[in-house]
Every structure is written in C-alpha cells, then in structure tokens.
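*Asks:* Below you will find the structure I want to go over with you.
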Amino acid sequence: MASELFRRRARTWSLLGIACVTVALALPATRSMAADCPGNPGALGTSRTLVVDPREHPRIGTMQYAETLPLQDHEVVLTFDDGPLPRHSNAVLDILAKECVKATFFVVGRMAKAYPDGVRRMHDAGHSIGTHSHNHPLSFHRMTVEQAKQEVDEGIDAVATALGDRAAVAPFFRIPGLLRAEAVEGYLGSQGIQTWSADFPADDWRHISPAAVYGLAMSRLQAKGRGVLLLHDIQPRTVAALPQILHELKARGFRIVHVVPATPDRPKTPTEPSQWRLRPITEQVAISRWPKVPSFSFANAEMLPGPAVSDLGLNAGHMTESVGGPRHLARGQTPLPKRAPWPRQTPMAASANLIAFPIPAGVLFSIPEKSQPAIRAMIPVASHHATAGAGLGATKLDEAAPATAAGAPVRQISGSAAIAPAALQRGPIGLTARPRPLNH
Ligand SMILES: [Zn+2]
C-alpha cells in the first residue's frame, strides 16, 4: 500500500516536473510578443514560433487534409497568397509590422520575378516565404506530374533568385486554387516540401466588402477555435480588413503562431501525432455530430409573388362554394372554403345480400421454393414450442411449409457459417425462447 502511494507520488512529481519544464520553455516565447513590439505596447504580437518538419507531416490544412498544424486552442497562423504586388503587399507588411505579427507568404514565381524587392521585404521582415507555383495556373488537378513539377520548381527558382538564397525559401507550397492532386502532393512530398491547404478562408478573392472579409475570417475562426487562415496580400479588400481582423484577434484572446521549417541547426518543435489533428477528441470536449446548417447570406431579399388560385388550373368555384360566381381574391389572401370541396359523407345502406368470400389459405403467404429450410436454419428455437404447438402461427406455418419436415436437408446460405442440423428446431420464436448462439 505504502509502496503504491510512493509510486503514485513519484509519478505525480515527475509529471509536475515535465509540466514545469514545459511552462519554463513556453514562457519566454509568450513574453516576447507584445512587450517587444516597438512603439505599440498593446500590439497583438507573435506568441510563439512553431518549427515543423515537412517530411513528417507532408500535407496540412483541414479544408482538404486530415492533418493540420499542431496549434493550441486560440492559436492562429496567418497566410497570404499570390504576392508580391507591392501596392497591396507592402500595405499588408506595414500592418503586420505595426502589430509585430509574423506570417507565411505563398509567393508566385512570376510575381517574384517582376517584384524581387517585394519578396525581399517580406523576408527581411522575418516572415516565412513559401511558394505558390510560377504562373499560378488553376489546373494542378489535371496536370501531368511533369507539368506540375515544372510549375513548382520554376516558382521556387524565381523566389530563390529574388532572395539570393535558396535556403531562404521555406519548403512550404500551396497549390493554386487549392486544386489538389495526389500526384502533385506526391511530388512535393518527395522533395521534402509541405503542401499547405488551410483551415478556413475569408473569401477575400471574391467581390465582397472588407467588412464581409473581416466577418468571415472571425466567424470561421471562432467556429474552429484555432487554425490556418488563408488570405491574399494582393487584394485591396484584404488590406482594408486586416487591421480590424488583427484588432479583433487580440480582443478575443487569439494568439499568432509563426511557422518555420526545421533545419539542421533549428530542431522541430516536439509534438504528439494527435496534436496534428484538428480538435482532438478528449473527454473534456463535447462534440456534436449533427451537421451544421450553413448560413447563407442572401444578396437579394425581395419577395417572390405567391401563386394565385387561377395558376393552379382550378376553377375557384370548386374550391369555395361561392354564391354569385367566383370570388376574386387579393394576392396573398388564402382562399378558405365555406364548405369542404370534397364529397359529403353519405350513409351507405347495408346490403341484405352479403357475399361470403373464401378465406385465403396459409400457403398463399408462404415463401415459395426451397428457401424455407435455410430461413428456418436461421431461427433456432427451444424445442418445446415446436412440440407443444405454439399457437396458430406455428400450425399455419407447418401446414404451409411441408418442405421443412424433419430430415429435410438444411441448405447453407453462402457466406454464413455451417450450422449443425442437430442444433436446430423448427417453429416460431416464442417470447421466452432465446436464439441459440451459432456454432462458429
Ligand atoms: Zn493563389
């Protein structure tokens, strides 16, 4: 007993020790954020840096894959695609810099070639630079591997050239339009490149207002509680919505995580496999298995005209027994009948000449052919029901099924286990009779 207590205590202490070490490791990163943001003590900041090994988790983002980044509750990763387009991308960089937020940019090769300064600015600000193909074709899902390989490689080359350092390009790739294909992901994986989908977009490529982008970003984030947010740094509506998104993230207690790839001198952040799945199911988390009704926003709230009675091809006179011709109803008014249009109940005179019909024989309801023995083989029951005659049902069935006479061969249903004929009795299942276990 005492030794058991000691063991438990020892285990508790060792767990506490692990917890303390974890807290000690986590604290400096947590403290570094807002306080270190020059000129903005109330900045959102970057709460921690997550170092990932792309080879261990080659595909992430629950929009398309089973795994996503191992984020804790209320942790968010910001991602921006399609840049650089200096006019808007630089505005995004300014907004992020003001809040000391680090993000991941998925740069298009052709854009990097056109605006190498734009990519360098992103990199110099400390953001992660992933790639997003060379020409941003929306056909990755139907490309040959060769074509995809060329798009991927050319994009990486262009960004590496702009940065003047291949190692500065993170092995992170987002497929344009998220038009995934197994073969493309396979190629990326073989190159040690992580395919990034996302956990939620904010639809900022659609023709919606900045307020709508903000609303979608926050509502989807709130619904999942954590995750990778997909944005576009080339969209003016994103530039307009971003300050409010960051402000609200801070207000709602969300924390920004910066993701970087593991290198020989920068080991991956230790994680458990379960952390890579969004919303691990634990006893503490109540889960709802009901499908959610999507919330549609209707652009047009006009009412459509309801159908008039005349549209139904009915004579109004049949619906309402009106006096003096059909009554015209105003639109929206329901035509209520004064009297029900269906026939009145009329008393039926009982006929004095009742004809007797023959009662159908039980054989008419039996299952024909030789399937009876097989079906009976599936219903083993206690023998006394059969021998004592368990009522009308048994009698009828017996009459109707001469094929089940004792000694008739029991046909085995294909795929079922063989049943020893001796274990079988005939007859219906009684209330007290329990099916015998099949002998397999
Ligand atoms: Zn894109």
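All residue names refer to the structure tokens as shown: chains lettered A, B, ... in order, residues numbered from 1 in each chain, ligands numbered from 1 in order.
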Taking only C-alpha atoms and all ligand atoms into account, which residues have an atom no farther than 7 Å from ligand 1? I'd like them as a list in words.

*Replies:*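 Checked against 7 Å with only C-alpha atoms and all ligand atoms; the hits are Asp81, Asp82, His132, His136, Pro176 and Gly177 of chain A.
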
*Asks:* Selection from above, N, CA and C atoms, as a JSON list (two decimals), in the first residue's frame, can you write it?

*Replies:*
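As written to disk, out-v7.json reads:
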[["chain", "number", "residue", "atom", "x", "y", "z"],
["A", 81, "ASP", "N", -1.45, 34.68, -49.87],
["A", 81, "ASP", "CA", -1.11, 34.09, -51.17],
["A", 81, "ASP", "C", -1.02, 35.15, -52.27],
["A", 82, "ASP", "N", -0.36, 34.76, -53.34],
["A", 82, "ASP", "CA", -0.42, 35.41, -54.66],
["A", 82, "ASP", "C", 0.51, 36.60, -54.87],
["A", 132, "HIS", "N", 4.05, 29.27, -54.45],
["A", 132, "HIS", "CA", 2.66, 29.09, -54.89],
["A", 132, "HIS", "C", 2.63, 28.88, -56.40],
["A", 136, "HIS", "N", 0.82, 30.43, -61.43],
["A", 136, "HIS", "CA", -0.49, 30.33, -60.79],
["A", 136, "HIS", "C", -1.55, 29.74, -61.73],
["A", 176, "PRO", "N", -2.19, 26.41, -56.27],
["A", 176, "PRO", "CA", -3.12, 27.46, -56.68],
["A", 176, "PRO", "C", -4.57, 26.95, -56.74],
["A", 177, "GLY", "N", -5.45, 27.76, -56.18],
["A", 177, "GLY", "CA", -6.86, 27.38, -56.17],
["A", 177, "GLY", "C", -7.16, 26.18, -55.30]]

*Asks:* Using only C-alpha atoms, can you tell me which of A:Tyr187, A:Phe105, A:Tyr115, A:Trp205 comes closest to Thr161 (chain A)?

*Replies:*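 Comparing A:Tyr187, A:Phe105, A:Tyr115, A:Trp205 against Thr161 (chain A), the winner is A:Tyr115.
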
*Asks:* Closest to Ile175 (chain A) among A:Arg255, A:Arg110, A:His141, A:Arg206, using only C-alpha atoms?

*Replies:*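 Looking only at the distances to Ile175 (chain A), the closest residue turns out to be A:His141.
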
*Asks:* Hey, which of A:Arg220, A:Lys102, A:Arg252, A:His232 ends up closest to Cys37 (chain A)? Count only C-alpha atoms.

*Replies:*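 Selected residue with least distance to Cys37 (chain A): A:Lys102.
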
*Asks:* Looking at only C-alpha atoms, which of A:Glu185, A:Asp199, A:Glu99, A:Asp117 is the one that sits closest to Pro41 (chain A)?

*Replies:*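 Using only C-alpha atoms, Pro41 (chain A) sits closest to A:Glu99.
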
*Asks:* Give me the residues within 8 Å of Leu230 (chain A) as a PyMOL selection string, counting only C-alpha atoms and dropping any in the same chain fewer than 6 places off.

*Replies:* chain A and resi 78-81+198-202

*Asks:* Just list as a compact mmCIF listing (two decimals) with C-alpha atoms, in the first residue's frame whatever in region 114-254 of chain A DSSP marks as alpha helix (DSSP H).

*Replies:*
# COMPACT_ATOMS: atom_id res chain seq x y z
CA ALA A 114 8.56 41.08 -61.51
CA PRO A 116 12.02 40.93 -56.35
CA ASP A 117 12.15 43.83 -53.88
CA GLY A 118 8.68 42.87 -52.70
CA VAL A 119 9.82 39.34 -51.79
CA ARG A 120 12.95 40.64 -50.11
CA ARG A 121 10.85 42.98 -48.00
CA MET A 122 8.70 40.08 -46.86
CA HIS A 123 11.75 38.02 -45.98
CA ASP A 124 13.62 40.86 -44.27
CA VAL A 145 3.38 15.29 -62.88
CA GLU A 146 5.95 16.70 -65.31
CA GLN A 147 3.92 19.88 -65.81
CA ALA A 148 3.32 20.24 -62.08
CA LYS A 149 6.99 19.64 -61.35
CA GLN A 150 7.95 22.40 -63.77
CA GLU A 151 5.48 24.86 -62.22
CA VAL A 152 6.66 24.06 -58.70
CA ASP A 153 10.37 24.12 -59.48
CA GLU A 154 10.25 27.26 -61.60
CA GLY A 155 8.35 29.08 -58.86
CA ILE A 156 10.90 28.09 -56.24
CA ASP A 157 13.77 29.11 -58.55
CA ALA A 158 12.23 32.55 -59.15
CA VAL A 159 11.74 33.21 -55.43
CA ALA A 160 15.21 31.86 -54.59
CA THR A 161 16.70 34.16 -57.22
CA ALA A 162 14.82 37.15 -55.82
CA LEU A 163 16.07 36.38 -52.31
CA GLU A 182 -2.44 13.08 -55.33
CA ALA A 183 0.39 13.03 -57.89
CA VAL A 184 1.30 16.67 -57.23
CA GLU A 185 1.30 16.14 -53.48
CA GLY A 186 3.40 13.05 -54.05
CA TYR A 187 5.99 15.03 -55.99
CA LEU A 188 6.06 17.79 -53.35
CA GLY A 189 6.43 15.20 -50.60
CA SER A 190 9.31 13.55 -52.44
CA PRO A 210 -13.76 44.35 -46.46
CA ALA A 211 -16.39 44.10 -43.72
CA ALA A 212 -17.51 40.76 -45.17
CA VAL A 213 -13.88 39.54 -45.27
CA TYR A 214 -13.49 40.51 -41.63
CA GLY A 215 -16.79 38.87 -40.71
CA LEU A 216 -15.95 35.60 -42.45
CA ALA A 217 -12.44 35.46 -41.01
CA MET A 218 -13.68 35.94 -37.47
CA SER A 219 -16.76 33.73 -37.64
CA ARG A 220 -14.88 30.82 -39.21
CA LEU A 221 -12.00 31.17 -36.79
CA GLN A 222 -14.39 31.34 -33.88
CA ALA A 223 -16.15 28.20 -35.12
CA LYS A 224 -12.93 26.17 -35.25
CA PRO A 236 -7.26 45.76 -51.54
CA ARG A 237 -10.19 44.41 -49.50
CA THR A 238 -7.74 42.30 -47.50
CA VAL A 239 -5.58 45.36 -46.81
CA ALA A 240 -8.71 47.17 -45.66
CA ALA A 241 -9.93 44.32 -43.46
CA LEU A 242 -6.61 43.28 -41.91
CA PRO A 243 -6.26 45.95 -39.17
CA GLN A 244 -9.70 45.12 -37.86
CA ILE A 245 -9.02 41.37 -38.03
CA LEU A 246 -5.80 41.77 -36.01
CA HIS A 247 -7.51 44.07 -33.53
CA GLU A 248 -10.32 41.59 -33.01
CA LEU A 249 -7.92 38.64 -32.71
CA LYS A 250 -6.27 40.44 -29.82
CA ALA A 251 -9.61 41.41 -28.27

*Asks:* Could you jot down the CA of Met63 (chain A) to CA of Leu50 (chain A) separation for me, Å, one decimal place?

*Replies:*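 Separation of CA of Met63 (chain A) and CA of Leu50 (chain A): 20.4 Å.
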
*Asks:* Any idea what the distance is between CA of Arg277 (chain A) and CA of Leu231 (chain A)?

*Replies:*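 It comes out at 21.9 Å.
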
*Asks:* What is the CA of Thr68 (chain A) to CA of Ala97 (chain A) distance in Å?

*Replies:*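 One can read the CA of Thr68 (chain A) to CA of Ala97 (chain A) distance as 25.9 Å.
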
*Asks:* Please run DSSP on the backbone and report, as a ChimeraX atom specification, all residues within region 207-263 of chain A that come out as strand (DSSP E or B).

*Replies:* /A:227-232,255-261,263

*Asks:* Kindly save the residues from that selection, with N, CA and C atoms included, as a JSON list (two decimals), in the first residue's frame.

*Replies:*
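Below you can see result04.json, which holds the result:
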[["chain", "number", "residue", "atom", "x", "y", "z"],
["A", 227, "GLY", "N", -6.41, 27.65, -35.98],
["A", 227, "GLY", "CA", -6.17, 27.18, -37.34],
["A", 227, "GLY", "C", -5.43, 28.13, -38.24],
["A", 228, "VAL", "N", -5.28, 27.68, -39.49],
["A", 228, "VAL", "CA", -4.54, 28.40, -40.52],
["A", 228, "VAL", "C", -5.55, 29.21, -41.34],
["A", 229, "LEU", "N", -5.37, 30.53, -41.31],
["A", 229, "LEU", "CA", -6.28, 31.41, -42.06],
["A", 229, "LEU", "C", -5.67, 31.75, -43.41],
["A", 230, "LEU", "N", -6.45, 31.58, -44.45],
["A", 230, "LEU", "CA", -5.99, 31.85, -45.82],
["A", 230, "LEU", "C", -6.46, 33.22, -46.28],
["A", 231, "LEU", "N", -5.47, 34.09, -46.59],
["A", 231, "LEU", "CA", -5.77, 35.44, -47.08],
["A", 231, "LEU", "C", -4.93, 35.70, -48.34],
["A", 232, "HIS", "N", -5.16, 36.83, -48.97],
["A", 232, "HIS", "CA", -4.42, 37.21, -50.19],
["A", 232, "HIS", "C", -3.87, 38.62, -50.02],
["A", 255, "ARG", "N", -3.99, 34.11, -30.35],
["A", 255, "ARG", "CA", -2.55, 34.32, -30.37],
["A", 255, "ARG", "C", -2.00, 33.89, -31.72],
["A", 256, "ILE", "N", -1.02, 34.66, -32.19],
["A", 256, "ILE", "CA", -0.42, 34.38, -33.50],
["A", 256, "ILE", "C", 0.77, 33.44, -33.35],
["A", 257, "VAL", "N", 0.80, 32.43, -34.22],
["A", 257, "VAL", "CA", 1.93, 31.49, -34.24],
["A", 257, "VAL", "C", 2.65, 31.65, -35.57],
["A", 258, "HIS", "N", 3.96, 31.76, -35.51],
["A", 258, "HIS", "CA", 4.79, 31.87, -36.71],
["A", 258, "HIS", "C", 5.37, 30.49, -37.01],
["A", 259, "VAL", "N", 5.20, 30.02, -38.23],
["A", 259, "VAL", "CA", 5.64, 28.67, -38.59],
["A", 259, "VAL", "C", 6.89, 28.76, -39.45],
["A", 260, "VAL", "N", 7.92, 28.01, -39.07],
["A", 260, "VAL", "CA", 9.17, 27.96, -39.84],
["A", 260, "VAL", "C", 9.57, 26.50, -40.02],
["A", 261, "PRO", "N", 10.31, 26.21, -41.09],
["A", 261, "PRO", "CA", 10.73, 24.82, -41.30],
["A", 261, "PRO", "C", 11.93, 24.46, -40.42],
["A", 263, "THR", "N", 15.52, 22.98, -39.61],
["A", 263, "THR", "CA", 16.80, 22.92, -40.31],
["A", 263, "THR", "C", 17.78, 22.17, -39.40]]
